[in-house]
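Novice: What follows is a structure written as structure tokens; I'll ask about it next.
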Amino acid sequence: MIFKNQYEQQRIEKGKALEALGKNPYQHNIVKDTSTKEFTECYAYVANENNQRDENKKNTVVGRIKFLRHMGKAAFAKIEDEHGALQVYFSKESIGEEWFEEVKKLVEVGDIILATGFPFVTKTGELSLHAKELEVATKSIVPLPEKFHGLQDKEQRYRKRYLDMIMNPEVRKTFKTRSKIVSTIRHFFEERGFLEVETPMMHPIAGGANARPFVTHHNALDVDRYLRIAPELYLKRLVVGGFEAVFEINRNFRNEGMDQTHNPEFTMIEFYWAYHNYHDLMKLTEEMFDVLLKKLKLPKKLPFGDMEIDFSKQFQKISFKDALALIGKVPYEILESRDAIIKYIIDSGNEINVKLSLGKLWEELFDLFVEEKLIDPTFIIDYPIEISPLARRSETNPDIAERFELFIAGREIANGFNELNDPIDQYNRFAKQIEAKDAGDDEAHEMDEDYVQALGYGLPPTAGQGLGIDRLTMLLTNEESIKDVILFPAMKPINENQQETEEY
């Protein structure tokens, strides 16, 4: 039996006692005609009346008891629903002496109750519901954490998000904001003529990003499949097919490490726009942030941790190479020498794989010396072509890609570029990725001949971008861990000899 401690057993017995009284402790067909917020807003006028009550009104409110105090012949309960909290008053006189005494014995904090009555204001000035009827909607078996300390342990909060949401209403607010962010983004693109689509989540070939995939097996086909690391190659197939503006709000899976900004399962929006370029994408992205801030009623100067992010001015643009020198303070003169870069990284106290190519070494320099310094919104443009296997080459400099990444608060938020639509160039780049994979790069792309063939039919000039919904939500809700914006983040399993930390 899972519910085996004495407090849980006592609550089970109370549920049985309710049944013996003809009261179903797990009711259905409950009618809730008013939320706590609606009640509070609707009857604000009662506090201004002389008698401070309106017995002509009748409302039914349902919520979980978060606080309960008995005072002889009367009791006060603080109940909470999705929208807020409300005080409920009931007494021997209002609900009947016999039932009042049973409630006193059988109803407790954590239970979900239904209360029907009229609005009134207590002597302390608090708008409350004066209950004429009170029923148990759901009997809680597991006691809630102790009131004053609540649920503080982060590990417990992530593992038991349902309990986290019960005890910490601000957590529900964060996830409501996340939902609003997704909804706003969806409408933003729909209003600009983009078509929302769905593409496969199990791929025969892992592609669309440099990442290590999760592998599964399809029994009916008797073949291995890869959980999607990115929808990019399928979305671009749709542009080949004639859709000129598409987007997908998608779940991706990458078999990599976990930290403050990485979860193996995460959400992105990817969109592709024919007959537009990466400068158009940057402009569109700035416009999207402006819409988000207005919709969420957030200031243009947004707090994040101990930083303040300034959205009131145009996003900065700086080339990858200039960012290394001007922001990262890496000497220009070493940037074309592998040996000099390796020595610079080692001398700075960092480890480095001495076999990395020049482009990969530039990427290491950026990660070490630039990224965390990019606080205000900044587009880093013109990436090395070597680390941009799906991006179009610059016509003026074949060593760089027509690509950008957006950084805010020291973190990558978005990645976009002009799409490579030359099938021969794409084939050759895939071939180089295979060489890198054979040399030990687990994140390198595999050859996708069907995608190359699709390009052979003709991909129009197209720009595409991916933007991380989780990191965006972190930014707009001032949360510094990705686990605080994912309802059920990935967690290390609890081994048999380890017990969860509980604060109740």
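Chain labels A, B, ... are given in the sequence in which chains occur in the structure tokens; within each chain residues are numbered consecutively from 1, and ligands are likewise numbered from 1 in the order shown.
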DSSP says strand (DSSP E) for which residues of segment 114-342 of chain A? Put them as a ChimeraX atom specification?

Specialist: /A:114-121,127-138,195-196,202-203,215-218,223-227,245-253,265-274,301-304,307-310,316-319

Novice: Just want the 10 Å neighbourhood of Thr477 of chain A, counted on only C-alpha atoms, with same-chain residues fewer than 6 positions away dropped. Output as a ChimeraX atom specification.

Specialist: /A:173-175,177-178,296,298,302-304,471,484-485

Novice: For Asp280 of chain A, work out the shell of residues within 12 Å, counting only C-alpha atoms and skipping chain neighbours fewer than 6 positions away, then give it as a PyMOL selection string.

Specialist: chain A and resi 272-274+286-287+403-404+416-418+462-465

Novice: What separation in Å, quoted to one decimal, exists between atom CA of Thr285 of chain A and atom CA of Asn415 of chain A?

Specialist: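 One can read the atom CA of Thr285 of chain A to atom CA of Asn415 of chain A distance as 10.7 Å.
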
Novice: Skipping near chain neighbours, those fewer than 4 positions away, what residues fall within 9 Å of segment 370-376 of chain A using only C-alpha atoms, listed as a ChimeraX atom specification?

Specialist: /A:307-311,315-316,323-324,327-329,365-366,407-412

Novice: Any chance you could export the current selection's C-alpha atoms as a tab-separated table (two decimals), in the first residue's frame?

Specialist:
chain	number	residue	atom	x	y	z
A	307	MET	CA	21.03	42.15	-14.63
A	308	GLU	CA	18.85	44.63	-16.46
A	309	ILE	CA	18.20	43.92	-20.14
A	310	ASP	CA	17.47	46.92	-22.34
A	311	PHE	CA	14.86	46.28	-25.04
A	315	PHE	CA	19.32	45.17	-31.10
A	316	GLN	CA	23.08	45.35	-31.60
A	323	ALA	CA	32.93	39.90	-31.27
A	324	LEU	CA	35.94	37.73	-30.43
A	327	ILE	CA	33.97	41.85	-26.73
A	328	GLY	CA	36.08	38.79	-25.87
A	329	LYS	CA	39.38	40.77	-26.05
A	365	LEU	CA	36.91	31.14	-28.06
A	366	PHE	CA	33.41	32.51	-28.39
A	407	PHE	CA	22.12	36.37	-27.47
A	408	ILE	CA	20.39	37.89	-24.45
A	409	ALA	CA	21.54	37.76	-20.82
A	410	GLY	CA	24.61	35.78	-21.83
A	411	ARG	CA	22.60	33.00	-23.46
A	412	GLU	CA	21.78	31.95	-27.00

Novice: Give me the segment 381-494 of chain A side of the contact with segment 229-233 of chain A, cut-off 10 Å, one line per residue showing its nearest atom pair and distance in Å at one decimal, counting only C-alpha atoms, sorted by chain and residue number, as a tab-separated table.

Specialist:
residue	atom	partner	partner_atom	distance
A:Leu390	CA	A:Leu233	CA	9.3
A:Asp448	CA	A:Leu233	CA	9.1
A:Asp450	CA	A:Leu233	CA	9.9
A:Tyr451	CA	A:Leu233	CA	6.8
A:Val452	CA	A:Leu233	CA	9.8
A:Ala454	CA	A:Leu233	CA	9.8
A:Gly464	CA	A:Glu232	CA	8.5
A:Gln465	CA	A:Glu232	CA	8.9
A:Gly466	CA	A:Glu232	CA	8.6

Novice: Go ahead and save the picked residues with N, CA and C atoms, as a tab-separated table (two decimals), in the first residue's frame.

Specialist:
chain	number	residue	atom	x	y	z
A	390	LEU	N	24.41	23.97	-42.68
A	390	LEU	CA	23.19	24.10	-43.46
A	390	LEU	C	22.95	25.53	-43.96
A	448	ASP	N	22.01	12.87	-45.54
A	448	ASP	CA	20.58	12.70	-45.80
A	448	ASP	C	20.37	12.88	-47.31
A	450	ASP	N	17.95	11.92	-49.27
A	450	ASP	CA	16.62	12.36	-49.69
A	450	ASP	C	16.50	13.88	-49.59
A	451	TYR	N	17.09	14.47	-48.55
A	451	TYR	CA	17.05	15.92	-48.42
A	451	TYR	C	17.84	16.57	-49.56
A	452	VAL	N	19.00	16.02	-49.87
A	452	VAL	CA	19.79	16.57	-50.98
A	452	VAL	C	18.98	16.46	-52.28
A	454	ALA	N	15.74	16.48	-52.50
A	454	ALA	CA	14.70	17.50	-52.44
A	454	ALA	C	15.24	18.85	-52.89
A	464	GLY	N	15.67	30.85	-42.60
A	464	GLY	CA	15.01	30.09	-41.54
A	464	GLY	C	15.62	30.37	-40.19
A	465	GLN	N	14.82	30.13	-39.16
A	465	GLN	CA	15.28	30.44	-37.81
A	465	GLN	C	14.66	29.49	-36.79
A	466	GLY	N	15.42	29.19	-35.74
A	466	GLY	CA	14.91	28.47	-34.59
A	466	GLY	C	15.07	29.33	-33.35

Novice: Closest to Lys23 of chain A among A:Lys236, A:Lys483, A:Lys139, A:Lys300, using only C-alpha atoms?

Specialist: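 Counting only C-alpha atoms, the residue closest to Lys23 of chain A is A:Lys139.
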
Novice: Measuring between only C-alpha atoms, which one of A:Leu68, A:Cys42, A:Ala245, A:Leu293 shows the shortest distance to Phe118 of chain A?

Specialist: A:Cys42

Novice: Which is closer to Lys180 of chain A than all the others in A:Gln52, A:Glu386, A:Val246, A:Lys297, using only C-alpha atoms?

Specialist: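 Using only C-alpha atoms, the shortest distance to Lys180 of chain A belongs to A:Lys297.
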
Novice: Given the choices A:Glu146, A:Arg212, A:Tyr332, A:Phe120, which gets closest to Ala44 of chain A if the distance is worked out from only C-alpha atoms?

Specialist: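 Once distances to Ala44 of chain A are computed over only C-alpha atoms, the minimum belongs to A:Phe120.
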